[in-house]
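Inspection log for the structure reproduced underneath, given as structure tokens.
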Amino acid sequence: MTTLSMTSVQRRVLIIAILASFVAFLDGAVINVALPAISKDLGGGLPLQQWVVDAYLVTLGSLILIAGSLSDVFGRKRILYVGLIGFGITSLLCAFAPTGVFLVVARALQGVAGALLVPSSLAIIISTFEGAAQAKAIGRWTAWTGVAMIAGPVIGGIFVDTLSWRWVFVINVIPIAITLVLMFTLKQDDHGMGGRIDVLGAVLGSVGLAGTVYALIEQGPYGWSSPRVFIPLIIGLLMLAGFFFWETRAKQPMLPLGLFRVHNFWVGNISTALVYGALAFGPLVVTLFLQQVAGFSATAAGFVFIPSTLCMLLLSGFFGGLAGKYGPRLFMAVGPIIASSGFLWLLMMDSHVNYWTNLLPAVLLFGVGLSMTVAPLTSAILGSIHPQQAGIGSAVNNAISRIAGLIVVAMAGLIVGEQLDRAGFDRALLCTAFLMLLGGIVSAIGIRNHEPAADPIQTATD
């Protein structure tokens, strides 16, 4: 097969994978510009805003590992069907939420469904494409899912200003319906490999993450000495310790720790944590600052990142192809550094924002850097493990990226302060740029070009 052509089945698989993961990524990003409107409608202030974001990320991040196992055990198509239908139902629950608590619970359930989508969608690409064609397909998948993360504020802003924040959830039904129709036309057999599901690992990991994140968010209004903060924190940390202990003992662990003996896998995932922690935090804070301090409408704040979206569309496939040919290290090293310079550029901005001099250069730098980073990063990590473990490998990488974003967003109160002012905004920008820069340095030092895929037997157990 060549890198320039695809069969009709490959083309359909790529479209399905893009659409299935698109809604999960879109919903994580579209919410940003809707937060002020949600808070105004349902009350709750900054804690509610944090929980609307993090309730989704807690369940998505903690269950995406077991979702990867489900994908490998029961088959990617089956899990995609369940995830798509569940995501549609929970999106409607969010849209019609009567209270803030109801919305947070619905967002948590939506994260459960979203966890089923991402690893399965990427795994069907890994099992359908090979070699350089696989890297190029991952680049295209990355471009469109990256577009969802950047374009989300645009779509959300239009709905918030012209209709209601509730429409940012209703819109999910359309791509879900299209994806389900396309999947019915896909006749490939996919019965999975069989095996057991690590239920105890899923429980320990989920409770551990939930307790830790709850404490990080609630420490702002209540302080670390409050029982409602330190008790969940202690429980969360104990559960996380129990999770890692159990994963070394389980016969079929949810997180095969042996995967981290693969060099590019563990180095790439450290870089993932740093880059995606920055990616979850930086655009969120910029969007809130533009609305709450600079006086932008939700639509205008969303449109700020359109140049980044165009960069992702135009360049991600290109850089994915180059990484497949020359190796990922250079792109994974330089890309985050360019992206970090975009956030540093925003330090020159004040409450009177000039789009052409303050925002446009910054978002272009951010877009080019992100386009250069994401596809090579994904290819380096998944190309280092055996295709039979594509589901769990993708799940681990996505879990790390979501958990990193979850933790950084949960720490927003510590970084920004009780209210988002100029000083807090500057701290947030410096923190974001620092994380991006570290991600580039880790990749430059640690990533190996053209590392052969590891044997699955060596990575299946620890």
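So you can find residues: chains in the structure tokens are A, B, ... in the order shown, residues in each start at 1, and ligands are numbered from 1 in order.
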
Within 10 Å of Pro307 of chain A using only C-alpha atoms, minus same-chain residues under 6 positions, as a PyMOL selection string = chain A and resi 150-151+313+360-368

Restricting the output to C-alpha atoms, write the selected residues as an mmCIF file, in the first residue's frame.
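Result went into out.cif, see below:
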```cif
data_model
loop_
_atom_site.group_PDB
_atom_site.id
_atom_site.type_symbol
_atom_site.label_atom_id
_atom_site.label_comp_id
_atom_site.auth_asym_id
_atom_site.auth_seq_id
_atom_site.Cartn_x
_atom_site.Cartn_y
_atom_site.Cartn_z
ATOM 1 C CA ILE A 150 -9.577 24.186 19.129
ATOM 2 C CA ALA A 151 -12.797 24.771 17.163
ATOM 3 C CA LEU A 313 -6.230 21.091 9.352
ATOM 4 C CA LEU A 360 -3.197 36.496 16.057
ATOM 5 C CA PRO A 361 0.597 35.952 16.309
ATOM 6 C CA ALA A 362 0.109 33.967 19.518
ATOM 7 C CA VAL A 363 -2.557 31.617 18.173
ATOM 8 C CA LEU A 364 -0.588 31.082 14.945
ATOM 9 C CA LEU A 365 2.489 30.065 16.929
ATOM 10 C CA PHE A 366 0.318 27.833 19.086
ATOM 11 C CA GLY A 367 -1.352 26.255 16.033
ATOM 12 C CA VAL A 368 1.886 25.565 14.156
#
```

Shell around segment 281-298 of chain A at 9 Å using only C-alpha atoms, local window under 6 positions removed, as number ranges by chain | A: 29, 32-37, 150, 153-154, 156-161, 304-305, 343, 346, 350-353, 405-406, 408-409, 412, 416, 420-422, 425, 428-429, 431-433

May I have the residues within 9 Å of Arg228 of chain A as an mmCIF file with N, CA and C atoms, in the first residue's frame, using only C-alpha atoms and disregarding those fewer than 3 positions away in the same chain?
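The result, stored in selection-v9.cif:
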```
data_model
loop_
_atom_site.group_PDB
_atom_site.id
_atom_site.type_symbol
_atom_site.label_atom_id
_atom_site.label_comp_id
_atom_site.auth_asym_id
_atom_site.auth_seq_id
_atom_site.Cartn_x
_atom_site.Cartn_y
_atom_site.Cartn_z
ATOM 1 N N ALA A 215 -10.551 17.055 46.071
ATOM 2 C CA ALA A 215 -9.790 17.821 47.061
ATOM 3 C C ALA A 215 -9.098 19.020 46.418
ATOM 4 N N GLU A 218 -11.891 21.685 45.780
ATOM 5 C CA GLU A 218 -12.556 22.226 46.966
ATOM 6 C C GLU A 218 -11.601 22.888 47.956
ATOM 7 N N GLN A 219 -10.282 22.697 47.767
ATOM 8 C CA GLN A 219 -9.366 23.353 48.708
ATOM 9 C C GLN A 219 -9.422 24.872 48.594
ATOM 10 N N TYR A 222 -12.429 26.028 50.881
ATOM 11 C CA TYR A 222 -12.464 25.462 52.230
ATOM 12 C C TYR A 222 -11.095 25.309 52.887
ATOM 13 N N TRP A 224 -7.000 23.397 52.947
ATOM 14 C CA TRP A 224 -6.524 22.019 53.075
ATOM 15 C C TRP A 224 -6.872 21.396 54.416
ATOM 16 N N SER A 225 -7.089 22.197 55.450
ATOM 17 C CA SER A 225 -7.359 21.652 56.786
ATOM 18 C C SER A 225 -8.797 21.196 56.962
ATOM 19 N N ILE A 231 -9.971 14.574 53.836
ATOM 20 C CA ILE A 231 -10.449 13.178 53.859
ATOM 21 C C ILE A 231 -10.556 12.609 52.443
ATOM 22 N N PRO A 232 -11.217 13.316 51.498
ATOM 23 C CA PRO A 232 -11.215 12.799 50.109
ATOM 24 C C PRO A 232 -9.807 12.688 49.526
ATOM 25 N N LEU A 233 -8.915 13.613 49.905
ATOM 26 C CA LEU A 233 -7.546 13.562 49.386
ATOM 27 C C LEU A 233 -6.824 12.304 49.861
#
```

What's the 8 Å shell around Val53 of chain A, counting only C-alpha atoms, without same-chain residues fewer than 2 positions away, as a count of residues only?
-> 9

Coordinates-based distance that separates atom CA of Leu259 of chain A from atom CA of Phe74 of chain A (Å, one decimal) =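 Interatomic distance here is 20.8 Å.
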
Please provide the set of residues having any atom within 10 Å of Val112 of chain A, restricted to only C-alpha atoms, with same-chain residues fewer than 6 positions apart removed, written as an mmCIF file with C-alpha atoms, in the first residue's frame.
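The result, written out as result21.cif:
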```cif
data_model
loop_
_atom_site.group_PDB
_atom_site.id
_atom_site.type_symbol
_atom_site.label_atom_id
_atom_site.label_comp_id
_atom_site.auth_asym_id
_atom_site.auth_seq_id
_atom_site.Cartn_x
_atom_site.Cartn_y
_atom_site.Cartn_z
ATOM 1 C CA TYR A 56 -16.317 14.864 32.436
ATOM 2 C CA LEU A 57 -12.540 14.515 32.662
ATOM 3 C CA VAL A 58 -12.641 12.431 35.875
ATOM 4 C CA THR A 59 -14.758 9.649 34.378
ATOM 5 C CA LEU A 60 -13.167 9.963 30.931
ATOM 6 C CA GLY A 61 -9.647 9.797 32.325
ATOM 7 C CA SER A 62 -10.270 7.075 34.903
ATOM 8 C CA LEU A 63 -12.349 4.757 32.704
ATOM 9 C CA ILE A 64 -10.530 5.161 29.402
ATOM 10 C CA ALA A 67 -12.411 1.048 27.838
ATOM 11 C CA GLY A 83 -20.061 4.553 23.335
ATOM 12 C CA GLY A 86 -24.399 6.393 25.366
ATOM 13 C CA PHE A 87 -22.775 9.692 24.403
ATOM 14 C CA THR A 90 -25.970 11.706 28.074
ATOM 15 C CA ALA A 106 -24.753 14.198 33.558
#
```

Quick one: everything within 12 Å of Ile441 of chain A, counting only C-alpha atoms, minus sequence neighbours fewer than 4 positions away in the same chain. Send it as number ranges by chain.
-> A: 267-268, 270-271, 274-275, 329-337, 340, 434-437, 445-447

Generate a file of the selected residues that holds N, CA and C atoms, formatted as a PDB file, in the first residue's frame.
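part07.pdb was written with the following content:
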```pdb
ATOM      1  N   VAL A 267       8.564   7.422  27.439  1.00  0.00           N
ATOM      2  CA  VAL A 267       9.022   8.796  27.199  1.00  0.00           C
ATOM      3  C   VAL A 267       7.910   9.620  26.545  1.00  0.00           C
ATOM      4  N   GLY A 268       7.257   9.030  25.539  1.00  0.00           N
ATOM      5  CA  GLY A 268       6.182   9.734  24.850  1.00  0.00           C
ATOM      6  C   GLY A 268       5.033  10.084  25.767  1.00  0.00           C
ATOM      7  N   ILE A 270       5.271  10.688  29.041  1.00  0.00           N
ATOM      8  CA  ILE A 270       5.681  11.820  29.886  1.00  0.00           C
ATOM      9  C   ILE A 270       5.473  13.126  29.115  1.00  0.00           C
ATOM     10  N   SER A 271       5.906  13.138  27.861  1.00  0.00           N
ATOM     11  CA  SER A 271       5.696  14.318  27.029  1.00  0.00           C
ATOM     12  C   SER A 271       4.210  14.611  26.856  1.00  0.00           C
ATOM     13  N   LEU A 274       2.747  16.434  29.893  1.00  0.00           N
ATOM     14  CA  LEU A 274       3.130  17.842  29.962  1.00  0.00           C
ATOM     15  C   LEU A 274       2.419  18.679  28.903  1.00  0.00           C
ATOM     16  N   VAL A 275       2.418  18.190  27.661  1.00  0.00           N
ATOM     17  CA  VAL A 275       1.820  18.956  26.561  1.00  0.00           C
ATOM     18  C   VAL A 275       0.306  19.064  26.724  1.00  0.00           C
ATOM     19  N   ARG A 329      11.258  12.490  16.567  1.00  0.00           N
ATOM     20  CA  ARG A 329      11.929  13.231  17.646  1.00  0.00           C
ATOM     21  C   ARG A 329      12.014  14.736  17.381  1.00  0.00           C
ATOM     22  N   LEU A 330      12.457  15.136  16.192  1.00  0.00           N
ATOM     23  CA  LEU A 330      12.634  16.556  15.896  1.00  0.00           C
ATOM     24  C   LEU A 330      11.318  17.306  16.036  1.00  0.00           C
ATOM     25  N   PHE A 331      10.246  16.735  15.513  1.00  0.00           N
ATOM     26  CA  PHE A 331       8.943  17.416  15.526  1.00  0.00           C
ATOM     27  C   PHE A 331       8.386  17.491  16.948  1.00  0.00           C
ATOM     28  N   MET A 332       8.580  16.413  17.726  1.00  0.00           N
ATOM     29  CA  MET A 332       8.102  16.413  19.111  1.00  0.00           C
ATOM     30  C   MET A 332       8.913  17.343  19.999  1.00  0.00           C
ATOM     31  N   ALA A 333      10.140  17.639  19.602  1.00  0.00           N
ATOM     32  CA  ALA A 333      10.977  18.557  20.380  1.00  0.00           C
ATOM     33  C   ALA A 333      10.688  20.014  20.046  1.00  0.00           C
ATOM     34  N   VAL A 334      10.616  20.323  18.739  1.00  0.00           N
ATOM     35  CA  VAL A 334      10.464  21.716  18.309  1.00  0.00           C
ATOM     36  C   VAL A 334       9.026  22.200  18.465  1.00  0.00           C
ATOM     37  N   GLY A 335       8.049  21.317  18.185  1.00  0.00           N
ATOM     38  CA  GLY A 335       6.645  21.722  18.216  1.00  0.00           C
ATOM     39  C   GLY A 335       6.206  22.339  19.534  1.00  0.00           C
ATOM     40  N   PRO A 336       6.422  21.675  20.685  1.00  0.00           N
ATOM     41  CA  PRO A 336       6.002  22.270  21.962  1.00  0.00           C
ATOM     42  C   PRO A 336       6.704  23.584  22.283  1.00  0.00           C
ATOM     43  N   ILE A 337       7.959  23.730  21.827  1.00  0.00           N
ATOM     44  CA  ILE A 337       8.679  24.983  22.081  1.00  0.00           C
ATOM     45  C   ILE A 337       8.020  26.126  21.309  1.00  0.00           C
ATOM     46  N   SER A 340       4.765  26.952  23.065  1.00  0.00           N
ATOM     47  CA  SER A 340       4.975  27.686  24.317  1.00  0.00           C
ATOM     48  C   SER A 340       5.245  29.161  24.047  1.00  0.00           C
ATOM     49  N   PHE A 434       5.555  26.858  30.413  1.00  0.00           N
ATOM     50  CA  PHE A 434       6.557  26.018  31.078  1.00  0.00           C
ATOM     51  C   PHE A 434       6.282  24.537  30.833  1.00  0.00           C
ATOM     52  N   LEU A 435       5.014  24.124  30.929  1.00  0.00           N
ATOM     53  CA  LEU A 435       4.652  22.734  30.681  1.00  0.00           C
ATOM     54  C   LEU A 435       4.952  22.335  29.238  1.00  0.00           C
ATOM     55  N   MET A 436       4.593  23.217  28.291  1.00  0.00           N
ATOM     56  CA  MET A 436       4.883  22.945  26.879  1.00  0.00           C
ATOM     57  C   MET A 436       6.388  22.803  26.641  1.00  0.00           C
ATOM     58  N   LEU A 437       7.155  23.723  27.210  1.00  0.00           N
ATOM     59  CA  LEU A 437       8.606  23.697  27.034  1.00  0.00           C
ATOM     60  C   LEU A 437       9.208  22.416  27.589  1.00  0.00           C
ATOM     61  N   ILE A 445      15.319  14.837  24.387  1.00  0.00           N
ATOM     62  CA  ILE A 445      16.301  14.006  25.076  1.00  0.00           C
ATOM     63  C   ILE A 445      15.980  12.511  24.938  1.00  0.00           C
ATOM     64  N   GLY A 446      14.694  12.173  25.024  1.00  0.00           N
ATOM     65  CA  GLY A 446      14.340  10.773  25.211  1.00  0.00           C
ATOM     66  C   GLY A 446      13.820   9.997  24.022  1.00  0.00           C
ATOM     67  N   ILE A 447      13.179  10.642  23.038  1.00  0.00           N
ATOM     68  CA  ILE A 447      12.534   9.908  21.950  1.00  0.00           C
ATOM     69  C   ILE A 447      13.579   9.330  20.988  1.00  0.00           C
TER      70      ILE A 447
END
```

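Coordinates place atom CA of Ala278 of chain A at a distance of 22.8 Å from atom CA of Thr357 of chain A.
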
For atom CA of Ile306 of chain A and atom CA of Ala280 of chain A, quote the distance in Å rounded to one decimal.
->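 Distance between the two atoms: 16.9 Å.
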
Among segment 80-253 of chain A, which ones does DSSP place in alpha helix (DSSP H), written as an MDAnalysis selection string?
-> chainID A and resid 80:95 100:128 131:162 167:170 173:184 199:222 227:247

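Closest approach to Val104 of chain A from the set A:Ile197, A:Leu65, A:Leu344, A:Val52 is made by A:Val52, with distances taken over only C-alpha atoms.
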
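Proximity of A:Pro47, A:Gly440, A:Pro376, A:Gly413 to Gly317 of chain A, computed with only C-alpha atoms, is greatest for A:Pro376.
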